[in-house]
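**Student:** Contents of final34.cif (mmCIF, C-alpha atoms):
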data_input
#
loop_
_atom_site.group_PDB
_atom_site.id
_atom_site.type_symbol
_atom_site.label_atom_id
_atom_site.label_comp_id
_atom_site.auth_asym_id
_atom_site.auth_seq_id
_atom_site.Cartn_x
_atom_site.Cartn_y
_atom_site.Cartn_z
ATOM 1 C CA MET V 101 0.000 0.000 0.000
ATOM 2 C CA LEU V 102 2.771 2.435 0.906
ATOM 3 C CA GLU V 103 4.451 1.911 -2.441
ATOM 4 C CA ASP V 104 1.152 2.405 -4.277
ATOM 5 C CA MET V 105 0.514 5.664 -2.426
ATOM 6 C CA GLU V 106 4.039 6.884 -3.103
ATOM 7 C CA HIS V 107 3.169 7.186 -6.807
ATOM 8 C CA LEU V 108 0.195 9.520 -6.316
ATOM 9 C CA PRO V 109 1.849 12.951 -6.439
ATOM 10 C CA ASN V 110 -1.327 15.022 -6.697
ATOM 11 C CA TYR V 111 -2.927 13.263 -3.742
ATOM 12 C CA ASN V 112 0.185 13.595 -1.593
ATOM 13 C CA ASP V 113 0.753 17.236 -2.546
ATOM 14 C CA TRP V 114 -2.884 18.022 -1.744
ATOM 15 C CA ILE V 115 -2.631 16.568 1.742
ATOM 16 C CA VAL V 116 0.520 18.498 2.605
ATOM 17 C CA SER V 117 -0.903 21.717 1.133
ATOM 18 C CA MET V 118 -3.676 21.520 3.738
ATOM 19 C CA LEU V 119 -1.155 20.968 6.529
ATOM 20 C CA ALA V 120 1.418 23.527 5.381
ATOM 21 C CA PRO V 121 -0.108 26.650 7.016
ATOM 22 C CA ALA V 122 0.215 25.009 10.450
ATOM 23 C CA LEU V 123 3.669 23.450 9.983
ATOM 24 C CA ARG V 124 6.600 25.129 11.696
ATOM 25 C CA GLY V 125 9.621 24.718 13.940
ATOM 26 C CA ARG V 126 10.616 21.346 15.296
ATOM 27 C CA ALA V 127 8.260 18.746 13.843
ATOM 28 C CA ALA V 128 7.586 15.021 14.103
ATOM 29 C CA GLU V 129 5.807 12.705 11.703
ATOM 30 C CA ILE V 130 4.326 9.588 13.296
ATOM 31 C CA GLY V 131 4.330 6.467 11.115
ATOM 32 C CA ALA V 132 6.578 7.957 8.448
ATOM 33 C CA GLY V 133 6.568 4.826 6.280
ATOM 34 C CA LEU V 134 8.596 5.386 3.118
ATOM 35 C CA GLY V 135 9.058 9.111 3.667
ATOM 36 C CA THR V 136 6.512 10.110 1.034
ATOM 37 C CA PHE V 137 5.114 12.898 3.186
ATOM 38 C CA ALA V 138 8.333 13.612 5.052
ATOM 39 C CA GLU V 139 10.060 14.998 1.983
ATOM 40 C CA ARG V 140 7.083 17.301 1.404
ATOM 41 C CA ILE V 141 6.850 18.398 5.055
ATOM 42 C CA ARG V 142 10.561 19.119 5.549
ATOM 43 C CA PRO V 143 10.683 22.414 3.556
ATOM 44 C CA HIS V 144 8.087 23.891 5.927
ATOM 45 C CA VAL V 145 9.855 23.100 9.221
ATOM 46 C CA ASP V 146 13.254 23.572 10.875
ATOM 47 C CA SER V 147 13.736 19.877 11.621
ATOM 48 C CA LEU V 148 11.724 16.689 11.239
ATOM 49 C CA GLU V 149 11.759 13.607 13.455
ATOM 50 C CA LEU V 150 10.455 10.503 11.702
ATOM 51 C CA VAL V 151 8.909 7.903 14.000
ATOM 52 C CA GLU V 152 8.602 4.473 12.397
ATOM 53 C CA PRO V 153 8.253 1.183 14.317
ATOM 54 C CA ALA V 154 8.849 -1.223 11.400
ATOM 55 C CA PRO V 155 12.587 -2.008 11.191
ATOM 56 C CA GLU V 156 12.575 -2.411 7.402
ATOM 57 C CA LEU V 157 10.828 0.909 6.851
ATOM 58 C CA ALA V 158 12.983 2.702 9.419
ATOM 59 C CA GLY V 159 16.049 1.389 7.583
ATOM 60 C CA ARG V 160 14.760 2.674 4.271
ATOM 61 C CA LEU V 161 14.045 6.068 5.820
ATOM 62 C CA THR V 162 17.566 6.244 7.226
ATOM 63 C CA GLU V 163 19.018 5.389 3.829
ATOM 64 C CA LYS V 164 16.743 7.791 1.972
ATOM 65 C CA PHE V 165 17.538 10.812 4.118
ATOM 66 C CA ALA V 166 21.128 10.004 5.134
ATOM 67 C CA ALA V 167 22.555 12.832 3.036
ATOM 68 C CA GLU V 168 19.846 15.333 3.946
ATOM 69 C CA ASP V 169 20.000 17.815 6.803
ATOM 70 C CA GLY V 170 17.293 18.202 9.389
ATOM 71 C CA TYR V 171 15.977 14.620 9.529
ATOM 72 C CA ARG V 172 16.141 12.199 12.445
ATOM 73 C CA VAL V 173 14.781 8.667 12.162
ATOM 74 C CA MET V 174 13.444 7.013 15.313
ATOM 75 C CA GLU V 175 12.853 3.261 15.050
ATOM 76 C CA GLN V 176 10.316 3.146 17.871
ATOM 77 C CA THR V 177 6.716 2.337 18.556
ATOM 78 C CA LEU V 178 4.532 5.323 19.253
ATOM 79 C CA GLU V 179 4.217 4.291 22.890
ATOM 80 C CA ASP V 180 8.004 4.097 23.357
ATOM 81 C CA TRP V 181 8.509 7.400 21.550
ATOM 82 C CA LEU V 182 5.966 9.184 23.735
ATOM 83 C CA GLN V 183 7.412 7.706 26.891
ATOM 84 C CA ALA V 184 11.015 8.551 26.008
ATOM 85 C CA GLY V 185 10.380 12.096 24.831
ATOM 86 C CA MET V 186 10.530 15.263 26.890
ATOM 87 C CA GLN V 187 7.321 17.151 27.427
ATOM 88 C CA ALA V 188 6.587 20.248 25.335
ATOM 89 C CA GLU V 189 9.428 19.806 22.848
ATOM 90 C CA PHE V 190 7.690 19.905 19.429
ATOM 91 C CA ASP V 191 6.001 22.682 17.479
ATOM 92 C CA SER V 192 4.228 20.357 15.036
ATOM 93 C CA ILE V 193 3.147 16.704 15.090
ATOM 94 C CA VAL V 194 1.755 15.107 11.928
ATOM 95 C CA LEU V 195 -0.133 11.837 11.372
ATOM 96 C CA VAL V 196 -1.260 10.951 7.849
ATOM 97 C CA ASN V 197 -3.412 7.809 7.776
ATOM 98 C CA VAL V 198 -1.938 6.605 11.068
ATOM 99 C CA LEU V 199 -4.322 7.296 13.970
ATOM 100 C CA GLU V 200 -6.758 4.647 12.736
ATOM 101 C CA HIS V 201 -3.987 2.048 13.301
ATOM 102 C CA ILE V 202 -3.632 2.985 16.978
ATOM 103 C CA LYS V 203 -5.865 0.942 19.277
ATOM 104 C CA ASP V 204 -5.863 3.433 22.141
ATOM 105 C CA ASP V 205 -6.217 6.650 20.182
ATOM 106 C CA ARG V 206 -7.319 8.548 23.286
ATOM 107 C CA ALA V 207 -4.034 7.835 25.081
ATOM 108 C CA ALA V 208 -2.143 8.730 21.908
ATOM 109 C CA ALA V 209 -3.871 12.114 21.685
ATOM 110 C CA GLU V 210 -3.011 12.817 25.317
ATOM 111 C CA GLY V 211 0.614 11.931 24.608
ATOM 112 C CA PHE V 212 0.744 14.283 21.618
ATOM 113 C CA TYR V 213 -0.655 17.078 23.760
ATOM 114 C CA ARG V 214 2.091 16.592 26.339
ATOM 115 C CA ASN V 215 4.808 16.547 23.673
ATOM 116 C CA LEU V 216 3.728 19.783 21.987
ATOM 117 C CA LYS V 217 4.919 23.205 23.057
ATOM 118 C CA ALA V 218 2.378 25.825 24.023
ATOM 119 C CA GLY V 219 0.747 26.891 20.772
ATOM 120 C CA GLY V 220 1.964 23.761 18.982
ATOM 121 C CA ARG V 221 -0.159 22.120 16.303
ATOM 122 C CA LEU V 222 -1.361 18.535 15.883
ATOM 123 C CA MET V 223 -2.304 17.674 12.289
ATOM 124 C CA ILE V 224 -4.301 14.489 11.719
ATOM 125 C CA PHE V 225 -5.510 12.980 8.440
ATOM 126 C CA VAL V 226 -7.673 9.865 8.824
ATOM 127 C CA PRO V 227 -10.177 7.650 6.946
ATOM 128 C CA ALA V 228 -13.705 8.956 7.423
ATOM 129 C CA MET V 229 -17.273 7.657 7.585
ATOM 130 C CA PRO V 230 -17.671 4.333 9.428
ATOM 131 C CA PHE V 231 -20.172 2.989 6.886
ATOM 132 C CA LEU V 232 -17.267 2.814 4.428
ATOM 133 C CA TYR V 233 -15.326 0.410 6.683
ATOM 134 C CA SER V 234 -14.353 -2.547 4.521
ATOM 135 C CA LYS V 235 -12.312 -5.719 4.361
ATOM 136 C CA LEU V 236 -9.497 -3.580 2.995
ATOM 137 C CA ASP V 237 -9.582 -1.401 6.137
ATOM 138 C CA PHE V 238 -9.378 -4.556 8.241
ATOM 139 C CA ALA V 239 -6.574 -6.022 6.120
ATOM 140 C CA TYR V 240 -4.482 -2.895 6.611
ATOM 141 C CA GLY V 241 -4.968 -2.867 10.366
ATOM 142 C CA HIS V 242 -7.513 -0.074 10.708
ATOM 143 C CA TYR V 243 -9.339 -0.211 14.026
ATOM 144 C CA ARG V 244 -11.882 2.340 12.846
ATOM 145 C CA ARG V 245 -12.963 5.021 10.424
ATOM 146 C CA TYR V 246 -13.846 8.345 12.041
ATOM 147 C CA THR V 247 -16.804 10.681 12.046
ATOM 148 C CA ARG V 248 -16.156 14.350 12.646
ATOM 149 C CA LYS V 249 -17.778 13.902 16.059
ATOM 150 C CA THR V 250 -15.560 11.007 17.174
ATOM 151 C CA LEU V 251 -12.371 12.690 15.971
ATOM 152 C CA ARG V 252 -13.367 15.933 17.656
ATOM 153 C CA GLN V 253 -14.053 14.086 20.901
ATOM 154 C CA ARG V 254 -10.687 12.294 20.842
ATOM 155 C CA VAL V 255 -8.572 15.403 20.424
ATOM 156 C CA ALA V 256 -10.703 17.753 22.521
ATOM 157 C CA ALA V 257 -10.632 15.325 25.452
ATOM 158 C CA ALA V 258 -6.833 15.501 25.353
ATOM 159 C CA GLY V 259 -6.926 19.289 25.729
ATOM 160 C CA PHE V 260 -6.678 20.478 22.135
ATOM 161 C CA GLU V 261 -8.586 23.402 20.673
ATOM 162 C CA ILE V 262 -9.775 22.536 17.157
ATOM 163 C CA GLU V 263 -9.020 25.075 14.447
ATOM 164 C CA MET V 264 -10.107 23.106 11.379
ATOM 165 C CA LEU V 265 -12.054 19.886 10.926
ATOM 166 C CA ARG V 266 -13.297 18.980 7.452
ATOM 167 C CA PHE V 267 -13.985 16.188 5.014
ATOM 168 C CA VAL V 268 -11.748 15.565 2.002
ATOM 169 C CA ASP V 269 -12.207 13.695 -1.285
ATOM 170 C CA PHE V 270 -15.951 13.783 -1.844
ATOM 171 C CA ALA V 271 -15.492 12.114 -5.255
ATOM 172 C CA GLY V 272 -13.774 9.106 -3.690
ATOM 173 C CA VAL V 273 -16.733 8.104 -1.499
ATOM 174 C CA LEU V 274 -18.758 6.229 -4.137
ATOM 175 C CA PRO V 275 -15.830 4.293 -5.692
ATOM 176 C CA TRP V 276 -14.578 3.227 -2.259
ATOM 177 C CA TRP V 277 -18.054 2.146 -1.126
ATOM 178 C CA LEU V 278 -18.699 0.184 -4.303
ATOM 179 C CA LEU V 279 -15.315 -1.485 -4.770
ATOM 180 C CA ASN V 280 -14.250 -2.059 -1.179
ATOM 181 C CA THR V 281 -17.293 -1.950 1.083
ATOM 182 C CA VAL V 282 -19.749 -3.687 -1.254
ATOM 183 C CA LEU V 283 -17.547 -5.851 -3.488
ATOM 184 C CA GLY V 284 -15.014 -6.575 -0.767
ATOM 185 C CA LYS V 285 -11.782 -5.727 -2.579
ATOM 186 C CA THR V 286 -8.775 -6.103 -0.295
ATOM 187 C CA THR V 287 -6.081 -4.609 -2.519
ATOM 188 C CA PHE V 288 -5.635 -1.384 -4.449
ATOM 189 C CA HIS V 289 -5.503 -1.443 -8.241
ATOM 190 C CA ALA V 290 -2.422 0.704 -8.797
ATOM 191 C CA PRO V 291 -3.127 1.721 -12.444
ATOM 192 C CA SER V 292 -6.630 2.900 -11.511
ATOM 193 C CA LEU V 293 -5.255 4.886 -8.594
ATOM 194 C CA ARG V 294 -2.801 6.634 -10.867
ATOM 195 C CA VAL V 295 -5.505 7.501 -13.393
ATOM 196 C CA TYR V 296 -7.645 8.922 -10.603
ATOM 197 C CA ASP V 297 -4.678 10.880 -9.233
ATOM 198 C CA LYS V 298 -3.720 12.336 -12.617
ATOM 199 C CA TYR V 299 -7.085 13.174 -14.142
ATOM 200 C CA PHE V 300 -9.798 13.286 -11.485
ATOM 201 C CA LEU V 301 -8.157 14.409 -8.271
ATOM 202 C CA PRO V 302 -7.063 17.848 -9.575
ATOM 203 C CA VAL V 303 -10.714 18.576 -10.398
ATOM 204 C CA THR V 304 -11.817 17.407 -6.947
ATOM 205 C CA ARG V 305 -9.126 19.530 -5.297
ATOM 206 C CA SER V 306 -10.187 22.635 -7.234
ATOM 207 C CA PHE V 307 -13.830 22.113 -6.316
ATOM 208 C CA GLU V 308 -13.117 21.489 -2.634
ATOM 209 C CA SER V 309 -10.854 24.539 -2.421
ATOM 210 C CA VAL V 310 -13.946 26.642 -3.084
ATOM 211 C CA LEU V 311 -16.619 24.645 -1.275
ATOM 212 C CA ALA V 312 -15.957 22.266 1.636
ATOM 213 C CA PRO V 313 -17.815 19.008 0.923
ATOM 214 C CA PRO V 314 -20.559 17.753 3.258
ATOM 215 C CA VAL V 315 -19.028 14.248 3.255
ATOM 216 C CA GLY V 316 -15.701 12.725 2.245
ATOM 217 C CA LYS V 317 -13.695 9.543 2.154
ATOM 218 C CA ILE V 318 -11.118 11.141 4.459
#
Kindly transcribe the structure held in the file into structure tokens.
**Tutor:**
Amino acid sequence: MLEDMEHLPNYNDWIVSMLAPALRGRAAEIGAGLGTFAERIRPHVDSLELVEPAPELAGRLTEKFAAEDGYRVMEQTLEDWLQAGMQAEFDSIVLVNVLEHIKDDRAAAEGFYRNLKAGGRLMIFVPAMPFLYSKLDFAYGHYRRYTRKTLRQRVAAAGFEIEMLRFVDFAGVLPWWLLNTVLGKTTFHAPSLRVYDKYFLPVTRSFESVLAPPVGKI
């Protein structure tokens, strides 16, 4: 999945463009994977700590960014990273399609709050709308898909004030529901994803930049 998503430049650029206004200072990305978002986040921050529990992925991150300044790869679980870190040391913490993999998301949100400086920002991008939960979600280790209410409750309970909470990718709702929720697909079809990314997603992005959608896949 990570390799499929790496080849969707419009999708990845769109996500980071929404995060960019809040990115600053010393930042951390949780579940950095292959570094697809890290290389887009880094120009907006002073330094970037990449937290990745999978040894193979952490090794690839280290190799990828070895010659680059401002990166630090931490081969740790989220729980170990939160426990080892000092309180109030980050300006920005980013999770892109990660929180749904964390069983105790409430404890995670509380840990992020402790690790952020006063005025720091937590940026979360997650799968939305529980009725879209599918065999593919289960196969990839998703404990849940979020509603705006449940996500708001998780972060507000940890002490955060919410500045923006919105749906994304209105056009992706029907294809996901049909292919994954109804037909039970458990893998992505990479060529179709690339066609969607190249031809359809720019139109969706333009539309949603003017009018926030009432529902979304994410």
**Student:** Just want the 9 Å neighbourhood of Leu236 in chain V, counted on only C-alpha atoms, with same-chain residues fewer than 3 positions away dropped. Output as a ChimeraX atom specification.
**Tutor:** /V:233,239-242,280-281,284-288
**Student:** Range 138-153 of chain V: which residues within 8 Å, counting all atoms listed in the file, same-chain residues fewer than 4 positions away excluded, as a list of chain:residue names?
**Tutor:**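 Residues near the query, excluding close chain neighbours: V:Asp113, V:Val116, V:Ala120, V:Leu123, V:Arg124, V:Gly125, V:Arg126, V:Ala127, V:Ala128, V:Glu129, V:Ile130, V:Gly131, V:Ala132, V:Gly133, V:Leu157, V:Ala158, V:Gly170, V:Tyr171, V:Arg172, V:Val173, V:Met174, V:Glu175, V:Gln176, V:Thr177, V:Leu178, V:Trp181.
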**Student:** So, with all atoms listed in the file as the atoms that count, which of V:Tyr243, V:Phe238, V:Phe225, V:Phe165 lies closest to Trp114 in chain V?
**Tutor:**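 So, comparing all the options, the nearest one is V:Phe225.
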**Student:** Could you tell me which of V:Leu278, V:Ala166, V:Glu179, V:Thr247 comes closest to Asp204 in chain V if we count all atoms listed in the file?
**Tutor:**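 Smallest distance to Asp204 in chain V is found for V:Glu179.
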**Student:** Since I can't run it myself right now, could you work out what the PyMOL selection byres ((chain V and resi 314) around 9) selects here and report it as a list of chain:residue names?
**Tutor:**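 Going through the file, the PyMOL selection byres ((chain V and resi 314) around 9) ends up selecting V:Arg266, V:Phe267, V:Phe270, V:Ala312, V:Pro313, V:Val315, V:Gly316.
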**Student:** For the selection just defined, write its residues with C-alpha atoms to a file, as a short mmCIF file (atom, residue, chain, number, x, y, z; two decimals), in the coordinates of the input.
**Tutor:**
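Heads up, here's the output in again23.cif:
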data_model
loop_
_atom_site.label_atom_id
_atom_site.label_comp_id
_atom_site.auth_asym_id
_atom_site.auth_seq_id
_atom_site.Cartn_x
_atom_site.Cartn_y
_atom_site.Cartn_z
CA ARG V 266 -13.30 18.98 7.45
CA PHE V 267 -13.98 16.19 5.01
CA PHE V 270 -15.95 13.78 -1.84
CA ALA V 312 -15.96 22.27 1.64
CA PRO V 313 -17.82 19.01 0.92
CA VAL V 315 -19.03 14.25 3.26
CA GLY V 316 -15.70 12.72 2.24
#
